[in-house]
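So this one's query.csv, CSV, C-alpha atoms and all ligand atoms:
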chain,number,residue,atom,x,y,z
C,136,MET,CA,0.0,0.0,0.0
C,137,ALA,CA,1.2,3.5,-0.8
C,138,VAL,CA,0.3,7.1,-0.4
C,139,LEU,CA,0.0,9.0,-3.6
C,140,VAL,CA,1.5,12.5,-3.3
C,141,THR,CA,0.4,14.9,-6.1
C,142,GLY,CA,2.8,17.9,-6.5
C,143,GLY,CA,5.3,16.0,-4.4
C,144,ALA,CA,8.3,17.5,-6.1
C,145,GLY,CA,7.3,21.0,-5.0
C,146,TYR,CA,8.3,22.9,-1.8
C,147,ILE,CA,5.9,21.5,0.7
C,148,GLY,CA,5.4,18.2,-1.1
C,149,SER,CA,9.1,17.3,-1.0
C,150,HIS,CA,9.3,18.0,2.7
C,151,THR,CA,6.2,15.9,3.3
C,152,CYS,CA,7.7,13.0,1.2
C,153,VAL,CA,10.6,13.0,3.7
C,154,GLU,CA,8.3,12.8,6.7
C,155,LEU,CA,6.0,10.2,5.2
C,156,LEU,CA,9.0,8.0,4.3
C,157,ASP,CA,10.5,8.5,7.8
C,158,ALA,CA,7.1,7.5,9.3
C,159,GLY,CA,7.2,4.2,7.3
C,160,PHE,CA,4.8,5.0,4.5
C,161,ASP,CA,5.6,4.0,0.9
C,162,ILE,CA,5.0,6.8,-1.5
C,163,VAL,CA,4.3,7.4,-5.2
C,164,VAL,CA,4.8,11.0,-6.5
C,165,VAL,CA,3.0,12.5,-9.4
C,166,ASP,CA,4.1,15.9,-10.6
C,167,ASN,CA,4.2,17.7,-14.0
C,168,LEU,CA,7.3,19.6,-12.9
C,169,TYR,CA,5.7,22.8,-13.9
C,170,ASN,CA,7.0,24.6,-10.8
C,171,SER,CA,9.6,22.1,-9.6
C,172,LYS,CA,12.6,19.9,-10.5
C,173,GLN,CA,13.0,16.1,-10.2
C,174,GLU,CA,16.2,16.9,-8.4
C,175,SER,CA,14.2,17.6,-5.2
C,176,LEU,CA,13.0,14.0,-5.1
C,177,LYS,CA,16.6,12.8,-5.6
C,178,ARG,CA,17.5,14.8,-2.5
C,179,VAL,CA,14.5,13.2,-0.7
C,180,GLU,CA,16.0,9.8,-1.5
C,181,LYS,CA,19.4,11.0,-0.2
C,182,ILE,CA,17.9,12.3,3.1
C,183,THR,CA,15.8,9.2,3.8
C,184,GLY,CA,17.9,6.5,2.1
C,185,LYS,CA,14.7,5.2,0.5
C,186,PRO,CA,13.6,5.1,-3.2
C,187,VAL,CA,10.9,7.4,-4.4
C,188,GLU,CA,8.6,6.2,-7.2
C,189,PHE,CA,8.1,9.2,-9.5
C,190,ILE,CA,5.7,9.6,-12.4
C,191,LYS,CA,5.9,12.8,-14.5
C,192,ALA,CA,2.2,13.5,-15.3
C,193,ASP,CA,-0.4,16.2,-15.1
C,194,ILE,CA,-3.3,15.5,-12.7
C,195,ARG,CA,-5.7,16.7,-15.4
C,196,ASP,CA,-4.6,13.7,-17.5
C,197,LYS,CA,-7.2,11.1,-16.5
C,198,GLU,CA,-5.6,8.3,-18.4
C,199,ALA,CA,-2.3,8.9,-16.7
C,200,LEU,CA,-4.0,8.9,-13.3
C,201,ARG,CA,-5.8,5.7,-14.1
C,202,GLU,CA,-2.5,4.1,-15.0
C,203,ILE,CA,-1.0,5.2,-11.7
C,204,PHE,CA,-4.0,3.8,-9.7
C,205,SER,CA,-4.0,0.5,-11.6
C,206,GLN,CA,-0.2,0.0,-11.3
C,207,HIS,CA,0.0,0.8,-7.5
C,208,GLU,CA,-2.1,0.0,-4.5
C,209,ILE,CA,-2.9,3.5,-3.4
C,210,GLU,CA,-4.5,3.8,0.1
C,211,ALA,CA,-4.7,7.6,0.4
C,212,VAL,CA,-3.8,10.7,-1.5
C,213,VAL,CA,-2.0,13.8,-0.3
C,214,HIS,CA,-2.9,16.5,-2.8
C,215,PHE,CA,-0.5,19.4,-3.2
C,216,ALA,CA,-0.5,19.8,-7.0
C,217,GLY,CA,-1.7,23.3,-7.9
C,218,LEU,CA,-0.7,26.8,-9.0
C,219,LYS,CA,-0.2,29.2,-6.1
C,220,ALA,CA,0.8,32.7,-7.1
C,221,VAL,CA,-1.9,35.2,-6.0
C,222,GLY,CA,-0.8,38.0,-8.4
C,223,GLU,CA,-0.5,35.6,-11.4
C,224,SER,CA,-4.0,34.2,-10.6
C,225,VAL,CA,-5.5,37.7,-11.2
C,226,LYS,CA,-3.8,37.8,-14.6
C,227,ILE,CA,-4.6,34.3,-15.8
C,228,PRO,CA,-7.6,33.2,-13.8
C,229,LEU,CA,-8.7,30.5,-16.3
C,230,ASP,CA,-5.4,28.7,-16.0
C,231,TYR,CA,-5.8,28.7,-12.2
C,232,TYR,CA,-9.4,27.4,-12.4
C,233,ASP,CA,-8.4,24.8,-14.9
C,234,ASN,CA,-5.3,23.6,-13.2
C,235,ASN,CA,-6.5,23.7,-9.6
C,236,ILE,CA,-10.2,22.9,-9.8
C,237,SER,CA,-10.4,20.7,-13.0
C,238,GLY,CA,-7.2,18.9,-11.7
C,239,THR,CA,-8.8,18.2,-8.4
C,240,ILE,CA,-12.1,17.0,-10.0
C,241,THR,CA,-10.2,14.7,-12.3
C,242,LEU,CA,-8.2,13.3,-9.4
C,243,CYS,CA,-11.3,12.7,-7.3
C,244,GLU,CA,-13.1,11.1,-10.2
C,245,VAL,CA,-10.2,8.6,-10.6
C,246,MET,CA,-10.0,8.0,-6.9
C,247,LYS,CA,-13.7,7.2,-6.9
C,248,GLU,CA,-13.3,4.8,-9.8
C,249,PHE,CA,-10.6,2.9,-7.9
C,250,ASN,CA,-12.5,3.2,-4.6
C,251,VAL,CA,-9.8,5.2,-2.9
C,252,LYS,CA,-11.7,7.7,-0.7
C,253,LYS,CA,-9.1,9.1,1.5
C,254,ILE,CA,-7.5,12.5,0.7
C,255,VAL,CA,-5.6,15.2,2.5
C,256,PHE,CA,-5.9,18.6,0.7
C,257,SER,CA,-3.7,21.7,0.7
C,258,SER,CA,-5.9,24.6,1.5
C,259,SER,CA,-4.8,28.0,2.7
C,260,ALA,CA,-5.6,30.6,5.3
C,261,THR,CA,-6.6,32.7,2.3
C,262,VAL,CA,-10.0,31.1,2.4
C,263,TYR,CA,-10.8,33.2,5.4
C,264,GLY,CA,-10.8,36.3,3.2
C,265,ILE,CA,-10.2,39.7,4.9
C,266,THR,CA,-11.2,39.9,8.5
C,267,ASP,CA,-10.0,41.7,11.6
C,268,LYS,CA,-11.1,38.8,13.9
C,269,MET,CA,-8.0,37.0,15.0
C,270,PRO,CA,-7.1,34.3,15.7
C,271,LEU,CA,-8.8,32.6,12.8
C,272,THR,CA,-10.8,29.5,13.8
C,273,GLU,CA,-12.0,26.9,11.4
C,274,ASP,CA,-15.7,27.6,11.9
C,275,MET,CA,-15.4,31.3,10.8
C,276,SER,CA,-17.2,32.4,7.6
C,277,LEU,CA,-15.2,31.9,4.4
C,278,GLY,CA,-14.7,34.2,1.4
C,279,ALA,CA,-11.9,34.5,-1.1
C,280,ILE,CA,-10.5,37.8,-2.5
C,281,ASN,CA,-8.6,36.6,-5.6
C,282,PRO,CA,-8.8,33.8,-8.2
C,283,TYR,CA,-6.2,31.7,-6.4
C,284,GLY,CA,-8.1,32.0,-3.1
C,285,ARG,CA,-11.3,31.1,-4.9
C,286,THR,CA,-9.8,27.9,-6.3
C,287,LYS,CA,-9.0,26.8,-2.7
C,288,LEU,CA,-12.5,27.8,-1.5
C,289,PHE,CA,-14.3,26.1,-4.4
C,290,ILE,CA,-12.2,22.9,-4.0
C,291,GLU,CA,-13.0,22.9,-0.2
C,292,GLU,CA,-16.7,23.1,-1.1
C,293,ILE,CA,-16.4,20.4,-3.8
C,294,LEU,CA,-14.8,18.1,-1.2
C,295,ARG,CA,-17.5,18.8,1.3
C,296,ASP,CA,-20.1,18.0,-1.4
C,297,ILE,CA,-18.3,14.7,-2.2
C,298,TYR,CA,-18.4,13.7,1.4
C,299,ASN,CA,-22.1,14.7,1.7
C,300,SER,CA,-22.9,12.5,-1.3
C,301,ASP,CA,-20.9,9.5,0.1
C,302,ASN,CA,-20.1,9.3,3.8
C,303,GLY,CA,-17.5,6.6,3.0
C,304,TRP,CA,-15.0,9.4,2.1
C,305,SER,CA,-12.4,10.7,4.5
C,306,ILE,CA,-11.2,14.2,3.7
C,307,SER,CA,-8.7,16.3,5.7
C,308,ILE,CA,-8.6,19.9,4.5
C,309,LEU,CA,-5.4,21.6,5.9
C,310,ARG,CA,-5.4,25.4,5.9
C,311,TYR,CA,-1.8,26.4,5.9
C,312,PHE,CA,-0.6,29.7,7.3
C,313,ASN,CA,2.8,30.9,6.0
C,314,PRO,CA,5.2,28.0,5.4
C,315,ILE,CA,8.9,29.0,5.4
C,316,GLY,CA,12.2,27.2,6.3
C,317,ALA,CA,13.8,24.2,4.8
C,318,HIS,CA,14.9,20.7,5.8
C,319,LYS,CA,17.7,20.8,8.4
C,320,THR,CA,20.1,19.0,6.0
C,321,GLY,CA,20.0,22.0,3.7
C,322,LEU,CA,19.3,19.6,0.8
C,323,ILE,CA,15.7,20.6,0.1
C,324,GLY,CA,14.0,24.0,0.3
C,325,GLU,CA,11.9,26.5,-1.5
C,326,ASP,CA,13.1,27.2,-5.1
C,327,PRO,CA,10.8,29.8,-6.6
C,328,LYS,CA,10.8,30.5,-10.3
C,329,GLY,CA,11.9,34.1,-11.1
C,330,ILE,CA,11.6,36.8,-8.5
C,331,PRO,CA,10.0,35.5,-5.3
C,332,ASN,CA,6.6,36.8,-4.4
C,333,ASN,CA,6.8,35.8,-0.7
C,334,LEU,CA,8.8,37.4,2.1
C,335,MET,CA,11.2,34.6,3.3
C,336,PRO,CA,12.4,33.5,-0.2
C,337,TYR,CA,12.9,37.2,-1.0
C,338,ILE,CA,15.0,37.7,2.2
C,339,ALA,CA,17.0,34.6,1.4
C,340,GLN,CA,17.8,35.8,-2.1
C,341,VAL,CA,18.9,39.2,-0.8
C,342,ALA,CA,21.1,37.4,1.8
C,343,VAL,CA,22.8,35.3,-0.9
C,344,GLY,CA,23.3,38.4,-3.2
C,345,ARG,CA,20.8,37.4,-5.9
C,346,LEU,CA,18.7,40.5,-5.1
C,347,PRO,CA,19.9,43.9,-3.9
C,348,GLU,CA,17.4,44.8,-1.2
C,349,LEU,CA,14.0,43.9,0.3
C,350,SER,CA,11.0,46.1,-0.3
C,351,VAL,CA,8.9,46.2,2.9
C,352,PHE,CA,5.3,46.6,1.8
C,353,GLY,CA,4.0,49.3,4.2
C,354,ASN,CA,4.9,50.4,7.7
C,355,ASP,CA,1.7,52.1,8.5
C,356,TYR,CA,-0.5,49.1,9.5
C,357,ASP,CA,-2.1,49.0,12.9
C,358,THR,CA,0.6,46.6,14.2
C,359,PRO,CA,3.3,47.1,16.9
C,360,ASP,CA,6.0,48.2,14.3
C,361,GLY,CA,3.6,49.1,11.5
C,362,THR,CA,4.6,46.2,9.2
C,363,GLY,CA,2.4,43.2,8.3
C,364,VAL,CA,2.1,40.4,10.8
C,365,ARG,CA,1.8,36.7,9.7
C,366,ASP,CA,1.8,33.3,11.3
C,367,TYR,CA,5.0,31.7,9.9
C,368,ILE,CA,5.3,28.0,10.2
C,369,HIS,CA,8.3,25.8,9.6
C,370,VAL,CA,7.8,23.6,6.5
C,371,VAL,CA,9.0,20.5,8.4
C,372,ASP,CA,6.4,21.1,11.2
C,373,LEU,CA,3.8,21.5,8.4
C,374,ALA,CA,5.0,18.3,6.7
C,375,LYS,CA,4.6,16.4,10.0
C,376,GLY,CA,1.1,17.8,10.2
C,377,HIS,CA,0.4,16.0,6.9
C,378,VAL,CA,1.6,12.7,8.4
C,379,LYS,CA,-0.9,13.1,11.2
C,380,ALA,CA,-3.6,14.0,8.7
C,381,VAL,CA,-2.8,10.8,6.6
C,382,GLU,CA,-3.1,8.8,9.8
C,383,TRP,CA,-6.4,10.6,10.5
C,384,VAL,CA,-7.9,9.8,7.1
C,385,LEU,CA,-6.8,6.2,7.4
C,386,LYS,CA,-8.6,5.8,10.7
C,387,ASN,CA,-11.7,8.0,10.2
C,388,THR,CA,-14.4,9.0,7.8
C,389,GLY,CA,-15.5,12.6,7.6
C,390,CYS,CA,-14.6,15.9,6.0
C,391,ASP,CA,-12.9,18.3,8.3
C,392,ALA,CA,-10.8,21.5,7.9
C,393,VAL,CA,-7.9,22.2,10.3
C,394,ASN,CA,-5.6,25.2,10.5
C,395,LEU,CA,-1.8,24.5,10.4
C,396,GLY,CA,0.0,27.4,11.9
C,397,THR,CA,1.9,28.2,15.1
C,398,GLY,CA,-0.8,30.6,16.6
C,399,ARG,CA,1.8,33.3,16.9
C,400,GLY,CA,2.2,36.4,14.7
C,401,CYS,CA,5.6,37.8,13.5
C,402,SER,CA,6.0,41.1,11.7
C,403,VAL,CA,8.1,41.7,8.5
C,404,LEU,CA,10.7,43.7,10.5
C,405,GLU,CA,10.8,41.1,13.3
C,406,LEU,CA,11.5,38.4,10.7
C,407,VAL,CA,14.2,40.5,9.1
C,408,ALA,CA,15.8,41.1,12.5
C,409,ALA,CA,15.6,37.3,13.4
C,410,PHE,CA,17.2,36.4,10.1
C,411,GLU,CA,20.0,38.9,10.6
C,412,LYS,CA,20.6,37.7,14.2
C,413,VAL,CA,20.7,34.0,13.4
C,414,THR,CA,22.7,34.3,10.2
C,415,GLY,CA,24.9,37.3,10.8
C,416,VAL,CA,24.0,38.5,7.3
C,417,LYS,CA,22.6,42.1,7.0
C,418,ILE,CA,19.4,42.5,4.9
C,419,PRO,CA,19.2,45.9,3.4
C,420,TYR,CA,15.6,47.0,3.0
C,421,LYS,CA,13.5,50.0,2.0
C,422,ILE,CA,9.9,50.8,3.0
C,423,VAL,CA,7.5,51.1,0.1
C,424,GLY,CA,3.8,51.3,-0.3
C,425,ARG,CA,1.3,48.6,0.8
C,426,ARG,CA,0.8,45.7,-1.5
C,427,PRO,CA,-2.9,45.6,-2.6
C,428,GLY,CA,-4.9,42.9,-1.0
C,429,ASP,CA,-2.6,42.4,2.0
C,430,ALA,CA,-4.1,42.1,5.5
C,431,ALA,CA,-2.5,43.8,8.5
C,432,ILE,CA,-2.5,40.8,10.7
C,433,VAL,CA,-3.1,37.1,10.1
C,434,TYR,CA,-2.6,34.2,12.6
C,435,ALA,CA,-4.2,30.9,13.4
C,436,ASP,CA,-6.1,29.4,16.3
C,437,VAL,CA,-4.3,26.1,16.5
C,438,SER,CA,-6.3,24.3,19.1
C,439,LYS,CA,-8.3,22.2,16.6
C,440,ALA,CA,-5.1,20.7,15.1
C,441,LYS,CA,-4.0,19.7,18.6
C,442,LYS,CA,-7.3,18.2,19.4
C,443,VAL,CA,-8.1,16.4,16.1
C,444,LEU,CA,-4.7,15.5,14.8
C,445,GLY,CA,-2.6,15.5,18.0
C,446,TRP,CA,-0.2,17.9,16.2
C,447,HIS,CA,1.3,21.2,17.1
C,448,ALA,CA,4.2,23.2,15.6
C,449,GLU,CA,7.5,22.9,17.5
C,450,LEU,CA,10.1,24.8,15.6
C,451,THR,CA,10.8,28.5,16.2
C,452,ILE,CA,11.3,31.6,14.0
C,453,GLU,CA,15.0,31.2,14.7
C,454,ASP,CA,14.9,27.6,13.4
C,455,MET,CA,13.0,28.8,10.3
C,456,CYS,CA,15.7,31.4,9.6
C,457,ALA,CA,18.7,29.2,10.2
C,458,ASP,CA,17.3,26.4,8.0
C,459,THR,CA,16.3,28.7,5.2
C,460,TRP,CA,19.8,30.2,5.2
C,461,ARG,CA,21.5,26.8,5.2
C,462,TRP,CA,19.4,25.7,2.2
C,463,GLN,CA,20.0,29.0,0.3
C,464,LYS,CA,23.7,29.3,1.1
C,465,ASN,CA,24.4,25.7,0.0
C,466,ASN,CA,22.1,26.1,-3.1
C,467,PRO,CA,22.4,29.7,-4.1
C,468,LEU,CA,20.6,29.0,-7.4
C,469,GLY,CA,18.2,26.5,-5.9
C,470,TYR,CA,18.1,23.1,-7.7
C,471,ALA,CA,19.6,24.6,-10.9
C,472,GLU,CA,22.9,23.1,-11.9
H,1,LIG,P1,5.0,24.3,-5.3
H,1,LIG,O1,4.6,25.0,-6.5
H,1,LIG,O2,6.4,24.2,-4.9
H,1,LIG,O3,4.4,22.8,-5.4
H,1,LIG,C1,3.3,22.4,-6.2
H,1,LIG,C2,3.7,21.3,-7.1
H,1,LIG,O4,2.6,20.9,-7.9
H,1,LIG,C3,4.8,21.7,-8.1
H,1,LIG,O5,5.8,20.7,-8.0
H,1,LIG,C4,4.1,21.7,-9.5
H,1,LIG,O6,5.0,21.3,-10.5
H,1,LIG,C5,3.0,20.7,-9.2
H,1,LIG,N1,1.8,20.9,-10.1
H,1,LIG,C6,1.1,22.0,-10.3
H,1,LIG,N2,0.1,21.8,-11.1
H,1,LIG,C7,0.1,20.4,-11.4
H,1,LIG,C8,-0.7,19.6,-12.2
H,1,LIG,N3,-1.7,20.0,-12.9
H,1,LIG,N4,-0.3,18.3,-12.3
H,1,LIG,C9,0.7,17.8,-11.7
H,1,LIG,N5,1.5,18.5,-10.9
H,1,LIG,C10,1.2,19.9,-10.8
H,1,LIG,O7,4.0,24.9,-4.2
H,1,LIG,P2,4.0,24.6,-2.6
H,1,LIG,O8,4.4,25.8,-1.9
H,1,LIG,O9,4.7,23.3,-2.3
H,1,LIG,O10,2.4,24.4,-2.4
H,1,LIG,C11,1.8,23.1,-2.4
H,1,LIG,C12,0.3,23.3,-2.2
H,1,LIG,O11,0.1,24.0,-1.0
H,1,LIG,C13,-0.3,24.1,-3.3
H,1,LIG,O12,-1.6,23.6,-3.6
H,1,LIG,C14,-0.5,25.5,-2.7
H,1,LIG,O13,-1.6,26.2,-3.2
H,1,LIG,C15,-0.7,25.2,-1.2
H,1,LIG,N6,-0.4,26.2,-0.3
H,1,LIG,C16,0.9,26.8,-0.3
H,1,LIG,C17,1.2,27.8,0.5
H,1,LIG,C18,2.6,28.4,0.5
H,1,LIG,O14,2.7,29.5,1.0
H,1,LIG,N7,3.6,27.8,-0.1
H,1,LIG,C19,0.2,28.3,1.4
H,1,LIG,C20,-1.0,27.7,1.4
H,1,LIG,C21,-1.3,26.7,0.6
H,2,LIG,N1,6.1,41.3,2.2
H,2,LIG,C1,7.0,42.4,2.1
H,2,LIG,N2,7.9,42.3,1.0
H,2,LIG,C2,7.9,41.3,0.1
H,2,LIG,C3,7.0,40.2,0.3
H,2,LIG,C4,6.1,40.3,1.4
H,2,LIG,O1,7.0,43.3,2.9
H,2,LIG,O2,8.8,41.3,-0.8
H,2,LIG,C5,5.2,41.3,3.4
H,2,LIG,C6,3.7,41.3,3.0
H,2,LIG,O3,3.2,42.5,2.8
H,2,LIG,C7,3.1,40.5,4.2
H,2,LIG,C8,4.3,39.6,4.7
H,2,LIG,O4,5.5,40.1,4.1
H,2,LIG,O5,2.9,41.4,5.2
H,2,LIG,C9,4.1,38.2,4.2
H,2,LIG,O6,3.9,38.2,2.8
H,2,LIG,P1,4.0,36.8,1.9
H,2,LIG,O7,3.8,37.2,0.5
H,2,LIG,O8,5.2,36.1,2.3
H,2,LIG,O9,2.7,36.0,2.4
H,2,LIG,P2,1.2,36.3,2.4
H,2,LIG,O10,0.7,36.2,3.8
H,2,LIG,O11,0.9,37.6,1.7
H,2,LIG,O12,0.6,35.2,1.5
H,2,LIG,C10,0.6,33.8,1.9
H,2,LIG,C11,0.6,32.8,0.8
H,2,LIG,C12,-0.5,33.0,-0.1
H,2,LIG,C13,-1.8,32.9,0.7
H,2,LIG,C14,-1.8,34.0,1.7
H,2,LIG,C15,-3.0,34.0,2.6
H,2,LIG,O13,1.8,33.0,0.0
H,2,LIG,O14,-0.5,31.9,-1.0
H,2,LIG,O15,-0.7,33.7,2.6
H,2,LIG,O16,-3.0,33.0,3.5
H,2,LIG,F1,-2.9,33.1,-0.2
Using the file provided, produce a representation of the structure as structure tokens.
Amino acid sequence: MAVLVTGGAGYIGSHTCVELLDAGFDIVVVDNLYNSKQESLKRVEKITGKPVEFIKADIRDKEALREIFSQHEIEAVVHFAGLKAVGESVKIPLDYYDNNISGTITLCEVMKEFNVKKIVFSSSATVYGITDKMPLTEDMSLGAINPYGRTKLFIEEILRDIYNSDNGWSISILRYFNPIGAHKTGLIGEDPKGIPNNLMPYIAQVAVGRLPELSVFGNDYDTPDGTGVRDYIHVVDLAKGHVKAVEWVLKNTGCDAVNLGTGRGCSVLELVAAFEKVTGVKIPYKIVGRRPGDAAIVYADVSKAKKVLGWHAELTIEDMCADTWRWQKNNPLGYAE
């Protein structure tokens, strides 16, 4: 029996592959390598000492998925495959709806065909939309504010409908807060295409000299230092949360959404200061205007994850900075040769 990991060559997927293998699961990875390189999985093999079965395919390709399900005994699916850039989703919404929503529908259709009804899905804190009520709890009202967010929200609704139509399904929806950091070996980490959209990979590329300085998007928010506050979570903690979610879907039926965060907020300037302290590398920055669509403060209520999955985040902001830096310093150009 194996766990199928869609998008397993990507940032969160590769870290989750390590934790699944370490926990004793066999895995099969399907990824079209649109936003990743197969090298990440070679590194997963190096870290774990275990082979990774990889199939290069698009999850919208029904025949390719059928082939995977007929060749392997899949007991559950961890579904990461998707496009994730908020700004890009505004420019090419149809690509996002097709890739993320059609891809998930095709995947679920094939799962149903093969009677595999256990899935862990990558959702996002973005499904809470814009609200001042913090911390965010899973029962709050949902609403997306961009096409990317809408794909996550629609997929959540589709998964709830699937469960309502057939209570034999077991669906764990994980709403991630802000994943950063890298594996402690420095062998795998985040390798964004082009100029990073997100804060930590941007800081890391400034530190390694690929970018001249960080632009801090606004210092006039109603936060202690005026800069945006987020709930950063170490990607290895997040990956361990997926192992717990796989164990949950294997033992239960239901459809349940759970926040994966630390429950603590950290501002942009606090993260910059922590990175400088841990690494000894200065991060030049300038304050610029706010980025449209950004909230002032976002952090999770993490009590449900503890109660339902028996999981909580353990690693600190300092760990996140040290591990990001080890990865970036050892791989200044990411997985590129
Ligand atoms: P990533 O881009 O590194 O990984 C996604 C992987 O999916 C990539 O390897 C890509 O090649 C693959 N992929 C995309 N479309 C595919 C398709 N149609 N068929 C097969 N493979 C496909 O992104 P990540 O940061 O690891 O994110 C993983 C998941 O978590 C995504 O669904 C993302 O939306 C979600 N998520 C990420 C964050 C974050 O900040 N990184 C936050 C919340 C949710
Ligand atoms: N920021 C900067 N400069 C940068 C990049 C970001 O100052 O170059 C600031 C942002 O304004 C924000 C904070 O750093 O205050 C974090 O920004 P990120 O882009 O790293 O993360 P977001 O919280 O904006 O976005 C993340 C995910 C999205 C998801 C969203 C909502 O990347 O996929 O959380 O949960 F939709």
Using only C-alpha atoms and all ligand atoms, which protein or nucleic acid residues are at most 9 Å from ligand LIG 2 (chain H), as an mmCIF file with C-alpha atoms, in the coordinates of the input?
data_model
loop_
_atom_site.group_PDB
_atom_site.id
_atom_site.type_symbol
_atom_site.label_atom_id
_atom_site.label_comp_id
_atom_site.auth_asym_id
_atom_site.auth_seq_id
_atom_site.Cartn_x
_atom_site.Cartn_y
_atom_site.Cartn_z
ATOM 1 C CA LYS C 219 -0.200 29.200 -6.100
ATOM 2 C CA ALA C 220 0.800 32.700 -7.100
ATOM 3 C CA VAL C 221 -1.900 35.200 -6.000
ATOM 4 C CA SER C 259 -4.800 28.000 2.700
ATOM 5 C CA ALA C 260 -5.600 30.600 5.300
ATOM 6 C CA THR C 261 -6.600 32.700 2.300
ATOM 7 C CA VAL C 262 -10.000 31.100 2.400
ATOM 8 C CA TYR C 263 -10.800 33.200 5.400
ATOM 9 C CA GLY C 264 -10.800 36.300 3.200
ATOM 10 C CA ASN C 281 -8.600 36.600 -5.600
ATOM 11 C CA TYR C 283 -6.200 31.700 -6.400
ATOM 12 C CA GLY C 284 -8.100 32.000 -3.100
ATOM 13 C CA ARG C 310 -5.400 25.400 5.900
ATOM 14 C CA TYR C 311 -1.800 26.400 5.900
ATOM 15 C CA PHE C 312 -0.600 29.700 7.300
ATOM 16 C CA ASN C 313 2.800 30.900 6.000
ATOM 17 C CA PRO C 314 5.200 28.000 5.400
ATOM 18 C CA ILE C 315 8.900 29.000 5.400
ATOM 19 C CA PRO C 331 10.000 35.500 -5.300
ATOM 20 C CA ASN C 332 6.600 36.800 -4.400
ATOM 21 C CA ASN C 333 6.800 35.800 -0.700
ATOM 22 C CA LEU C 334 8.800 37.400 2.100
ATOM 23 C CA MET C 335 11.200 34.600 3.300
ATOM 24 C CA PRO C 336 12.400 33.500 -0.200
ATOM 25 C CA TYR C 337 12.900 37.200 -1.000
ATOM 26 C CA ILE C 338 15.000 37.700 2.200
ATOM 27 C CA LEU C 349 14.000 43.900 0.300
ATOM 28 C CA SER C 350 11.000 46.100 -0.300
ATOM 29 C CA VAL C 351 8.900 46.200 2.900
ATOM 30 C CA PHE C 352 5.300 46.600 1.800
ATOM 31 C CA GLY C 353 4.000 49.300 4.200
ATOM 32 C CA ASN C 354 4.900 50.400 7.700
ATOM 33 C CA THR C 362 4.600 46.200 9.200
ATOM 34 C CA GLY C 363 2.400 43.200 8.300
ATOM 35 C CA VAL C 364 2.100 40.400 10.800
ATOM 36 C CA ARG C 365 1.800 36.700 9.700
ATOM 37 C CA ASP C 366 1.800 33.300 11.300
ATOM 38 C CA TYR C 367 5.000 31.700 9.900
ATOM 39 C CA SER C 402 6.000 41.100 11.700
ATOM 40 C CA VAL C 403 8.100 41.700 8.500
ATOM 41 C CA LEU C 404 10.700 43.700 10.500
ATOM 42 C CA ILE C 422 9.900 50.800 3.000
ATOM 43 C CA VAL C 423 7.500 51.100 0.100
ATOM 44 C CA ARG C 425 1.300 48.600 0.800
ATOM 45 C CA ARG C 426 0.800 45.700 -1.500
ATOM 46 C CA PRO C 427 -2.900 45.600 -2.600
ATOM 47 C CA GLY C 428 -4.900 42.900 -1.000
ATOM 48 C CA ASP C 429 -2.600 42.400 2.000
ATOM 49 C CA ALA C 430 -4.100 42.100 5.500
ATOM 50 C CA ALA C 431 -2.500 43.800 8.500
ATOM 51 C CA ILE C 432 -2.500 40.800 10.700
ATOM 52 C CA VAL C 433 -3.100 37.100 10.100
#
Check your understanding: Quick one: of C:Gly329, C:Gly389, C:Asn465, C:Glu154, who's nearest to Asn299 of chain C, counting only C-alpha atoms?
Key -> C:Gly389
Review point. Hey, which residues come within 7 Å of ligand LIG 1 (chain H) if we count all atoms listed in the file? Could you give them as a PyMOL selection string?
Key: chain C and resi 141-148+165-171+192-195+215-219+234-235+238+257-260+310-314+325
Closest-contact table, segment 254-335 of chain C side, partner segment 436-457 of chain C, 7 Å, counting all atoms listed in the file, as a tab-separated table:
residue	atom	partner	partner_atom	distance
C:Pro270	CA	C:Asp436	CA	5.0
C:Leu271	CA	C:Asp436	CA	5.5
C:Thr272	CA	C:Asp436	CA	5.3
C:Ile315	CA	C:Met455	CA	6.4
C:Gly316	CA	C:Met455	CA	4.4
Restrict the selected residues to C-alpha atoms and save them as a short mmCIF file (atom, residue, chain, number, x, y, z; two decimals), keeping the file's coordinate frame.
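Result went into selection04.cif, see below:
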data_model
loop_
_atom_site.label_atom_id
_atom_site.label_comp_id
_atom_site.auth_asym_id
_atom_site.auth_seq_id
_atom_site.Cartn_x
_atom_site.Cartn_y
_atom_site.Cartn_z
CA PRO C 270 -7.10 34.30 15.70
CA LEU C 271 -8.80 32.60 12.80
CA THR C 272 -10.80 29.50 13.80
CA ILE C 315 8.90 29.00 5.40
CA GLY C 316 12.20 27.20 6.30
#
Review point. Nearest to Leu176 of chain C: which of C:Val371, C:Gly159, C:Val393, C:Gly324 is it, counting all atoms listed in the file?
Key: C:Gly324
Study note, to complete from the structure: A straight line from atom CA of Ile293 of chain C to atom CA of Leu155 of chain C spans 26.2 Å
Practice item. Please indicate the distance in Å from atom CA of Trp304 of chain C to atom CA of Cys390 of chain C, rounded to one decimal place. Key: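 One can read the atom CA of Trp304 of chain C to atom CA of Cys390 of chain C distance as 7.6 Å.
Straight-line separation from atom CA of Val164 of chain C to atom CA of Phe189 of chain C: 4.8 Å.
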Practice item. Have a look at C:Gly344, C:Gly424, C:Pro327, C:Gly400 and name the one nearest to Tyr356 of chain C; count all atoms listed in the file. Key: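 That would be C:Gly424, the residue with the smallest distance to Tyr356 of chain C.
Checking C:Ala342, C:Glu348, C:Thr241, C:Thr358 one by one against Pro419 of chain C, counting all atoms listed in the file, you find the shortest gap at C:Glu348.
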Exercise for review: For His377 of chain C, list every protein, DNA or RNA residue within 9 Å, evaluated using all atoms listed in the file, and leave out those in the same chain fewer than 2 positions away; present the list as an MDAnalysis selection string.
Suggested key: chainID C and resid 151 154:155 213 255 309 372:375 379:382
